[in-house]
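Written out below as structure tokens is the structure these notes cover.
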Amino acid sequence: MRSLEQLARSPSRRAVLRSGLAGAFVLSFHLPARAVNEPEQPPDSTQGKFAPNAFIRIDRSGQTTLVMPQVEMGQGVYTAIPMILAEELDADFNTVTLEHAPPNDKLYGNPIFGIQVTGNSNSIRSFWKPLRVAGATARLMLVQAAAQQWQVDPASCSTANGVVSHAPSGRTAGYGELIDAANTQPVPQDPPLKDPKNFTLIGKSLKRLDTPNKTDGKVVYGIDAMLPGMKFATLAQCPVFGGKIAHVDDSAAKKVPGVQHVVVLDDLVAVVGDHMWAAKKGLDALVITWKEGPNAKINSSDIWNDLRAASKKDGVVAKSVGDIAKGLTQGERVDAEYELPFLAHAAMEPLNCTVQVTPDSCEVWTGTQVLTRVQQAAAEAAGLPLEKVRAYNHLLGGGFGRRLEADMVAAAVRIGKQVDGPVKVVWTREEDIQHDIYRPVYRDVISATLSGGKIAAWKYRISGSSIMARWAPSIFVNGIDIDAVDSAVDNPYDIPHFQVEYVRAEPPAVPTGFWRGVGSNNNVFATECFMDELARKAGVDPIAFRIGMLDKTPRLKAALQLVAEKSGWDQPLPPRTGRGVCAQPSFASFIATVVEAEVDEHGEVHLRRVTSAVDTGIAVNPDTIVAQLQGGLIFGLTAALWGEITIERGRVRQSNFNNYRMLRIDEVPKIDIHVIKSGEDPGGIGETGTAAGPPALRNAIYAATGVALRRLPIDRKALTTTGKA
């Protein structure tokens, strides 16, 4: 067996496998590998190991490997999910290692969706029960094996840190010693799970195990994949949606040192070089004539006019309670419309995919949220049967829903078919932003009546693109997109007459997809902004107004009460400074947020403080929850302040961070997160902050200026005291 020092000097996949330390990402120690160097499939990982189910492998040394069904893209699941498994298995958490699950929907499909996917803030909540059962099953089989050897009652044995103990006789056996005997044990059905009061790992703020390697650059993302003899490529697509190539003059590009090949396809052109710089300079030297097609006539104004017209039509009823027509005649009626723009993902790691395509095989190295779909897309692009395609996953440098798509893989494979040997295809930031799959534009029309200081009726119509109709058509039933109406049909407030409608309105040419929070960030924004307007109309404090209608949602009421206390809600503020609140049940979590902001005379908004109180059920790792909410709030506040993709002559006008602005470090306010202790099953947390930030900020601006903004991003001209932004 090779030493760790030898492995560190030459960390090939073959070397790692031969060492017995198989795993693409290792938690107990970290190899400074920059890539997967050899493309063979690993040998049967269950040989010589205890493998009671698809998730657990225990070898003779006692090392436990978790075959990881979900992917890590910054949310912390590569620490939290092993905590769940190790808790019920009673493994030594410090020696648990991870390996990426291969593409297999049957074994590693997300229980909520049935396919192998990471999204919808459900990694913890979807695998909470399955991984606890998997761990408890394995632990019980190991105990039975030890008890059988010792001829004692299994109930007299205990487990801790990867060891079975029999206190009366003083005997112990490590898990590694028991794997052969454990493999002969019957698999128990419905094994008993730990009482939460006996948890030893879950609930602790353990340090993220991937942080050290992210800090020193050793961690391997999709863009880090390296293969022997690999070439580099970058590409250009028609700037107009749906456009094609008319002609390419590559004479100057071929003179660039390091350029090896120019690949011209019907809808894109790629330059292949010895390194990324050569590919990029070669691409810059191309002279491309495009067939722009009919979409070159499309502008943002056309899209908005179409959407506004669609929003005036009756929609498909997604939920109805009481008698909405009668309710809208009871009390004082208030109407409002809210609009949200297209948004790009702009993940820190730009789109990339490394491929090696031969006449009878295709291999793909990337970071994806949908590994089986990547395999399928590669097979289709390569013109090969699925079994001839191997897909290897890596960590993601941000996903936000963009990597729920496989279009980048299909493009890379099409390019790779024209290249002899492996090629890494990397999108420039400009290509990434201008050829994204965008968060849809939405328009929400709301009518409500007030009676006795409370809402008597609420009619809510959502108009926008249906992502599900394209991404999961079997879920798009009876004209309802369950994602588009998320956080609308489950409005938390006690309203006797209530109706939600959905109008599917597809923007011409512009592709739409999931964006962190998706339907929730639209519907929470409209709902919570309207709640503030209704509170002012009723002459009631915004938090008191909400609390008065939350009897059926006590967990959210408790969060509101706590955030009011922690934010200093009633404390005086300087002129043109306000606090705004947002309350939401999203992704099975309950969160209340207060943003404190100042608006200067020029309409510029300065964030002063953000406070959130969250009940997300059992907090597997409270530190991860705090980090996720901080990141989500910053992501959402960035979108509220600046986020907008606009279309002119069929082109996306934004191209990089100079005109698709991010919140800068000196602009980030103090963020206080208060995690409420709960015994409920865990909820989702990765997207809740994203949905919370924008309405709370808008309501803070409303409190500071009296201006009720109804569209994002923030219109600074509407907030200036001089009329000039």
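Lettering and numbering for the structure tokens are positional, with chains as A, B, ... in the shown order, residues counted from 1 in each chain, and ligands counted from 1 in the shown order.
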What lies within 12 Å of Asn53 of chain A using only C-alpha atoms, ignoring chain neighbours under 3 positions off, as a list in words?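 Skipping anything fewer than 3 positions along the chain leaves Thr46, Lys49, Phe50, Ile56, Arg57, Ile58, Thr65, Leu66, Val67, Leu107, Tyr108, Pro130, Leu131, Val133, Ala134, Gly135, Ala136, Thr137, Ala138, Arg139, Met141, Asn183, Val187 and Pro188 of chain A.
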Output the selection as a short mmCIF file (atom, residue, chain, number, x, y, z; two decimals), in the first residue's frame - N, CA, C and O atoms for each residue.
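Result file is part.cif:
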```
data_model
loop_
_atom_site.label_atom_id
_atom_site.label_comp_id
_atom_site.auth_asym_id
_atom_site.auth_seq_id
_atom_site.Cartn_x
_atom_site.Cartn_y
_atom_site.Cartn_z
N THR A 46 -18.34 -2.77 -2.51
CA THR A 46 -18.86 -3.55 -1.38
C THR A 46 -18.00 -4.76 -1.07
O THR A 46 -18.24 -5.43 -0.07
N LYS A 49 -16.43 -5.60 2.54
CA LYS A 49 -16.97 -4.57 3.41
C LYS A 49 -18.36 -4.95 3.88
O LYS A 49 -19.02 -5.81 3.29
N PHE A 50 -18.77 -4.32 4.94
CA PHE A 50 -20.15 -4.45 5.42
C PHE A 50 -20.96 -3.38 4.71
O PHE A 50 -20.70 -2.18 4.87
N ILE A 56 -24.05 2.90 3.13
CA ILE A 56 -23.02 2.62 4.14
C ILE A 56 -22.05 1.56 3.67
O ILE A 56 -22.45 0.52 3.14
N ARG A 57 -20.75 1.84 3.87
CA ARG A 57 -19.70 0.87 3.65
C ARG A 57 -18.76 0.93 4.86
O ARG A 57 -18.23 2.00 5.17
N ILE A 58 -18.55 -0.20 5.52
CA ILE A 58 -17.61 -0.26 6.64
C ILE A 58 -16.55 -1.29 6.29
O ILE A 58 -16.88 -2.45 5.97
N THR A 65 -17.71 4.68 5.32
CA THR A 65 -17.87 5.54 4.15
C THR A 65 -19.36 5.76 3.90
O THR A 65 -20.13 4.81 3.86
N LEU A 66 -19.73 7.01 3.76
CA LEU A 66 -21.09 7.37 3.37
C LEU A 66 -21.09 7.63 1.87
O LEU A 66 -20.37 8.50 1.38
N VAL A 67 -21.86 6.84 1.13
CA VAL A 67 -22.05 7.11 -0.29
C VAL A 67 -23.09 8.23 -0.37
O VAL A 67 -24.27 8.03 -0.10
N LEU A 107 -31.24 3.91 -6.56
CA LEU A 107 -30.58 3.81 -5.26
C LEU A 107 -30.47 5.15 -4.54
O LEU A 107 -30.56 5.21 -3.32
N TYR A 108 -30.24 6.22 -5.31
CA TYR A 108 -29.90 7.50 -4.68
C TYR A 108 -30.87 8.62 -5.03
O TYR A 108 -30.56 9.79 -4.87
N PRO A 130 -34.60 8.50 5.97
CA PRO A 130 -33.89 7.39 5.33
C PRO A 130 -32.49 7.13 5.88
O PRO A 130 -32.10 5.97 6.07
N LEU A 131 -31.73 8.18 6.14
CA LEU A 131 -30.37 7.96 6.63
C LEU A 131 -30.35 7.57 8.10
O LEU A 131 -29.47 6.81 8.53
N VAL A 133 -32.67 5.67 9.41
CA VAL A 133 -33.02 4.24 9.33
C VAL A 133 -31.83 3.43 8.83
O VAL A 133 -31.55 2.34 9.36
N ALA A 134 -31.11 3.95 7.83
CA ALA A 134 -29.94 3.24 7.31
C ALA A 134 -28.90 3.04 8.41
O ALA A 134 -28.33 1.94 8.56
N GLY A 135 -28.64 4.09 9.17
CA GLY A 135 -27.67 3.98 10.25
C GLY A 135 -28.11 3.06 11.36
O GLY A 135 -27.32 2.24 11.87
N ALA A 136 -29.39 3.15 11.74
CA ALA A 136 -29.91 2.30 12.80
C ALA A 136 -29.92 0.83 12.38
O ALA A 136 -29.64 -0.07 13.19
N THR A 137 -30.23 0.59 11.11
CA THR A 137 -30.22 -0.79 10.59
C THR A 137 -28.83 -1.39 10.70
O THR A 137 -28.65 -2.53 11.19
N ALA A 138 -27.83 -0.66 10.24
CA ALA A 138 -26.46 -1.16 10.29
C ALA A 138 -26.00 -1.38 11.72
O ALA A 138 -25.35 -2.39 12.05
N ARG A 139 -26.33 -0.43 12.59
CA ARG A 139 -25.91 -0.56 13.99
C ARG A 139 -26.52 -1.81 14.62
O ARG A 139 -25.84 -2.57 15.33
N MET A 141 -27.49 -4.57 13.15
CA MET A 141 -26.87 -5.77 12.59
C MET A 141 -25.49 -6.01 13.19
O MET A 141 -25.10 -7.16 13.45
N ASN A 183 -22.49 -9.21 7.95
CA ASN A 183 -23.03 -9.47 6.62
C ASN A 183 -23.96 -10.67 6.56
O ASN A 183 -24.74 -10.82 5.62
N VAL A 187 -31.54 -8.46 7.73
CA VAL A 187 -31.72 -7.00 7.76
C VAL A 187 -33.00 -6.69 8.52
O VAL A 187 -34.09 -7.11 8.11
N PRO A 188 -32.91 -5.98 9.64
CA PRO A 188 -34.11 -5.71 10.44
C PRO A 188 -35.04 -4.72 9.74
O PRO A 188 -34.60 -3.82 9.03
#
```
Among segment 558-595 of chain A, which ones does DSSP place in alpha helix (DSSP H), written as a list of chain:residue names?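 Across segment 558-595 of chain A, those assigned alpha helix (DSSP H) are A:Ala558, A:Ala559, A:Leu560, A:Gln561, A:Leu562, A:Val563, A:Ala564, A:Glu565, A:Lys566, A:Ser567.
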Of A:Ala597, A:Leu343, A:Ala253, A:Val426, the one nearest to Gly513 of chain A when counting only C-alpha atoms is A:Leu343
Across A:Asn305, A:Gln75, A:Thr593, A:Thr95, the smallest distance to Gly398 of chain A, with only C-alpha atoms counted, is shown by A:Gln75
Name all residues at most 6 Å from segment 155-172 of chain A (count only C-alpha atoms; drop same-chain ones fewer than 2 positions away) and give them as number ranges by chain. A: 90-92, 153, 174-175
Members of segment 95-221 of chain A assigned strand (DSSP E or B) by DSSP, as a JSON list (two decimals) with all heavy atoms, in the first residue's frame:
```
[["chain", "number", "residue", "atom", "x", "y", "z"],
["A", 97, "THR", "N", -15.86, 8.97, 6.07],
["A", 97, "THR", "CA", -15.47, 9.54, 4.79],
["A", 97, "THR", "C", -16.66, 9.55, 3.85],
["A", 97, "THR", "O", -17.66, 8.87, 4.08],
["A", 97, "THR", "CB", -14.32, 8.75, 4.14],
["A", 97, "THR", "OG1", -14.79, 7.44, 3.83],
["A", 97, "THR", "CG2", -13.14, 8.64, 5.09],
["A", 98, "LEU", "N", -16.54, 10.34, 2.80],
["A", 98, "LEU", "CA", -17.61, 10.46, 1.82],
["A", 98, "LEU", "C", -17.11, 10.08, 0.44],
["A", 98, "LEU", "O", -15.94, 10.32, 0.10],
["A", 98, "LEU", "CB", -18.13, 11.91, 1.73],
["A", 98, "LEU", "CG", -18.79, 12.53, 2.94],
["A", 98, "LEU", "CD1", -19.37, 13.87, 2.56],
["A", 98, "LEU", "CD2", -19.85, 11.64, 3.51],
["A", 99, "GLU", "N", -17.99, 9.53, -0.38],
["A", 99, "GLU", "CA", -17.74, 9.44, -1.80],
["A", 99, "GLU", "C", -19.02, 9.82, -2.52],
["A", 99, "GLU", "O", -20.12, 9.54, -2.04],
["A", 99, "GLU", "CB", -17.26, 8.05, -2.22],
["A", 99, "GLU", "CG", -18.25, 6.93, -2.02],
["A", 99, "GLU", "CD", -17.69, 5.58, -2.46],
["A", 99, "GLU", "OE1", -16.56, 5.24, -2.08],
["A", 99, "GLU", "OE2", -18.42, 4.87, -3.18],
["A", 100, "HIS", "N", -18.87, 10.49, -3.65],
["A", 100, "HIS", "CA", -20.04, 10.88, -4.43],
["A", 100, "HIS", "C", -20.79, 9.65, -4.90],
["A", 100, "HIS", "O", -20.18, 8.70, -5.39],
["A", 100, "HIS", "CB", -19.62, 11.69, -5.66],
["A", 100, "HIS", "CG", -18.99, 13.01, -5.35],
["A", 100, "HIS", "ND1", -19.70, 14.09, -4.91],
["A", 100, "HIS", "CD2", -17.70, 13.43, -5.44],
["A", 100, "HIS", "CE1", -18.88, 15.11, -4.73],
["A", 100, "HIS", "NE2", -17.66, 14.73, -5.06],
["A", 157, "CYS", "N", -25.95, -5.16, 24.99],
["A", 157, "CYS", "CA", -24.81, -4.53, 24.32],
["A", 157, "CYS", "C", -25.11, -3.05, 24.05],
["A", 157, "CYS", "O", -26.26, -2.64, 23.93],
["A", 157, "CYS", "CB", -24.50, -5.24, 23.01],
["A", 157, "CYS", "SG", -24.04, -6.97, 23.18],
["A", 158, "SER", "N", -24.07, -2.27, 23.93],
["A", 158, "SER", "CA", -24.19, -0.85, 23.60],
["A", 158, "SER", "C", -23.18, -0.50, 22.52],
["A", 158, "SER", "O", -22.25, -1.26, 22.25],
["A", 158, "SER", "CB", -23.96, 0.01, 24.85],
["A", 158, "SER", "OG", -22.64, -0.20, 25.35],
["A", 159, "THR", "N", -23.38, 0.66, 21.91],
["A", 159, "THR", "CA", -22.49, 1.11, 20.84],
["A", 159, "THR", "C", -22.09, 2.56, 21.05],
["A", 159, "THR", "O", -22.87, 3.37, 21.56],
["A", 159, "THR", "CB", -23.16, 0.98, 19.46],
["A", 159, "THR", "OG1", -24.43, 1.66, 19.50],
["A", 159, "THR", "CG2", -23.39, -0.47, 19.09],
["A", 160, "ALA", "N", -20.87, 2.88, 20.62],
["A", 160, "ALA", "CA", -20.38, 4.26, 20.66],
["A", 160, "ALA", "C", -19.07, 4.32, 19.89],
["A", 160, "ALA", "O", -18.23, 3.41, 20.00],
["A", 160, "ALA", "CB", -20.16, 4.74, 22.09],
["A", 163, "VAL", "N", -17.72, 1.17, 18.07],
["A", 163, "VAL", "CA", -17.37, 0.01, 18.90],
["A", 163, "VAL", "C", -18.64, -0.54, 19.54],
["A", 163, "VAL", "O", -19.48, 0.21, 20.03],
["A", 163, "VAL", "CB", -16.35, 0.40, 20.00],
["A", 163, "VAL", "CG1", -16.09, -0.78, 20.94],
["A", 163, "VAL", "CG2", -15.05, 0.88, 19.37],
["A", 164, "VAL", "N", -18.78, -1.88, 19.53],
["A", 164, "VAL", "CA", -19.84, -2.55, 20.27],
["A", 164, "VAL", "C", -19.25, -3.02, 21.60],
["A", 164, "VAL", "O", -18.17, -3.62, 21.63],
["A", 164, "VAL", "CB", -20.39, -3.77, 19.50],
["A", 164, "VAL", "CG1", -21.51, -4.44, 20.30],
["A", 164, "VAL", "CG2", -20.90, -3.35, 18.13],
["A", 165, "SER", "N", -19.95, -2.75, 22.68],
["A", 165, "SER", "CA", -19.47, -3.10, 24.02],
["A", 165, "SER", "C", -20.49, -3.95, 24.75],
["A", 165, "SER", "O", -21.71, -3.79, 24.57],
["A", 165, "SER", "CB", -19.17, -1.84, 24.84],
["A", 165, "SER", "OG", -18.20, -1.03, 24.20],
["A", 166, "HIS", "N", -19.97, -4.86, 25.60],
["A", 166, "HIS", "CA", -20.82, -5.65, 26.49],
["A", 166, "HIS", "C", -20.32, -5.40, 27.91],
["A", 166, "HIS", "O", -19.34, -6.01, 28.37],
["A", 166, "HIS", "CB", -20.75, -7.15, 26.14],
["A", 166, "HIS", "CG", -21.66, -7.99, 26.96],
["A", 166, "HIS", "ND1", -21.21, -8.89, 27.90],
["A", 166, "HIS", "CD2", -23.03, -8.05, 27.00],
["A", 166, "HIS", "CE1", -22.25, -9.49, 28.48],
["A", 166, "HIS", "NE2", -23.36, -8.99, 27.94],
["A", 171, "ARG", "N", -16.32, -7.02, 27.38],
["A", 171, "ARG", "CA", -15.84, -7.27, 26.02],
["A", 171, "ARG", "C", -16.24, -6.12, 25.08],
["A", 171, "ARG", "O", -17.29, -5.51, 25.24],
["A", 171, "ARG", "CB", -16.41, -8.60, 25.50],
["A", 171, "ARG", "CG", -15.73, -9.83, 26.11],
["A", 171, "ARG", "CD", -16.38, -11.12, 25.66],
["A", 171, "ARG", "NE", -17.69, -11.31, 26.27],
["A", 171, "ARG", "CZ", -18.40, -12.43, 26.18],
["A", 171, "ARG", "NH1", -17.91, -13.47, 25.49],
["A", 171, "ARG", "NH2", -19.58, -12.53, 26.77],
["A", 172, "THR", "N", -15.36, -5.90, 24.10],
["A", 172, "THR", "CA", -15.62, -4.89, 23.07],
["A", 172, "THR", "C", -15.17, -5.42, 21.72],
["A", 172, "THR", "O", -14.30, -6.30, 21.64],
["A", 172, "THR", "CB", -14.88, -3.57, 23.35],
["A", 172, "THR", "OG1", -13.46, -3.81, 23.33],
["A", 172, "THR", "CG2", -15.27, -2.97, 24.69],
["A", 173, "ALA", "N", -15.77, -4.87, 20.68],
["A", 173, "ALA", "CA", -15.36, -5.23, 19.31],
["A", 173, "ALA", "C", -15.60, -4.02, 18.42],
["A", 173, "ALA", "O", -16.69, -3.43, 18.42],
["A", 173, "ALA", "CB", -16.15, -6.42, 18.80],
["A", 174, "GLY", "N", -14.57, -3.64, 17.68],
["A", 174, "GLY", "CA", -14.73, -2.56, 16.73],
["A", 174, "GLY", "C", -15.60, -2.99, 15.57],
["A", 174, "GLY", "O", -15.68, -4.18, 15.23],
["A", 221, "TYR", "N", -13.35, 21.30, -7.41],
["A", 221, "TYR", "CA", -14.63, 21.63, -8.03],
["A", 221, "TYR", "C", -14.65, 21.08, -9.46],
["A", 221, "TYR", "O", -13.61, 20.64, -9.98],
["A", 221, "TYR", "CB", -14.84, 23.15, -8.05],
["A", 221, "TYR", "CG", -14.98, 23.78, -6.69],
["A", 221, "TYR", "CD1", -13.89, 24.31, -6.03],
["A", 221, "TYR", "CD2", -16.22, 23.82, -6.06],
["A", 221, "TYR", "CE1", -14.02, 24.89, -4.78],
["A", 221, "TYR", "CE2", -16.37, 24.39, -4.81],
["A", 221, "TYR", "CZ", -15.25, 24.93, -4.17],
["A", 221, "TYR", "OH", -15.39, 25.48, -2.92]]
```
My list of candidates is A:Thr358, A:Thr366, A:Gln144, A:Asn522. Which is closest to Gln418 of chain A when distances are computed with only C-alpha atoms? A:Thr358
Quick one, how far is atom CA of Ile202 of chain A from atom CA of Thr616 of chain A? 13.7 Å
Please tabulate, as CSV, the residues of segment 334-388 of chain A that come within 6 Å of segment 709-724 of chain A, each with its closest pair of atoms and the distance in Å to one decimal, counting only C-alpha atoms and ordering rows by chain, then residue number upward.
```
residue,atom,partner,partner_atom,distance
A:Tyr338,CA,A:Arg710,CA,4.8
A:Glu339,CA,A:Arg711,CA,4.8
A:Leu340,CA,A:Leu712,CA,5.5
```
Which residue is closest to Pro341 of chain A? Choose from A:Ile455, A:Ser301, A:Pro542, A:Val71 and count only C-alpha atoms. A:Ser301
Near Val445 of chain A, counting only C-alpha atoms, which residues have an atom at most 7 Å away, once you skip same-chain residues fewer than 5 positions from it, shown as a PyMOL selection string? chain A and resi 336-338+460-462
For segment 421-425 of chain A, please output as an MDAnalysis selection string all residues within 7 Å (counting only C-alpha atoms; exclusion window: fewer than 2 positions along the same chain). chainID A and resid 227 229:234 352:356 412 416 419 427
When you count only C-alpha atoms, which of these residues is closest to Arg60 of chain A: A:Ala692, A:Ala146, A:Leu178, A:Val271?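 For Arg60 of chain A, the nearest of the candidates is A:Leu178.
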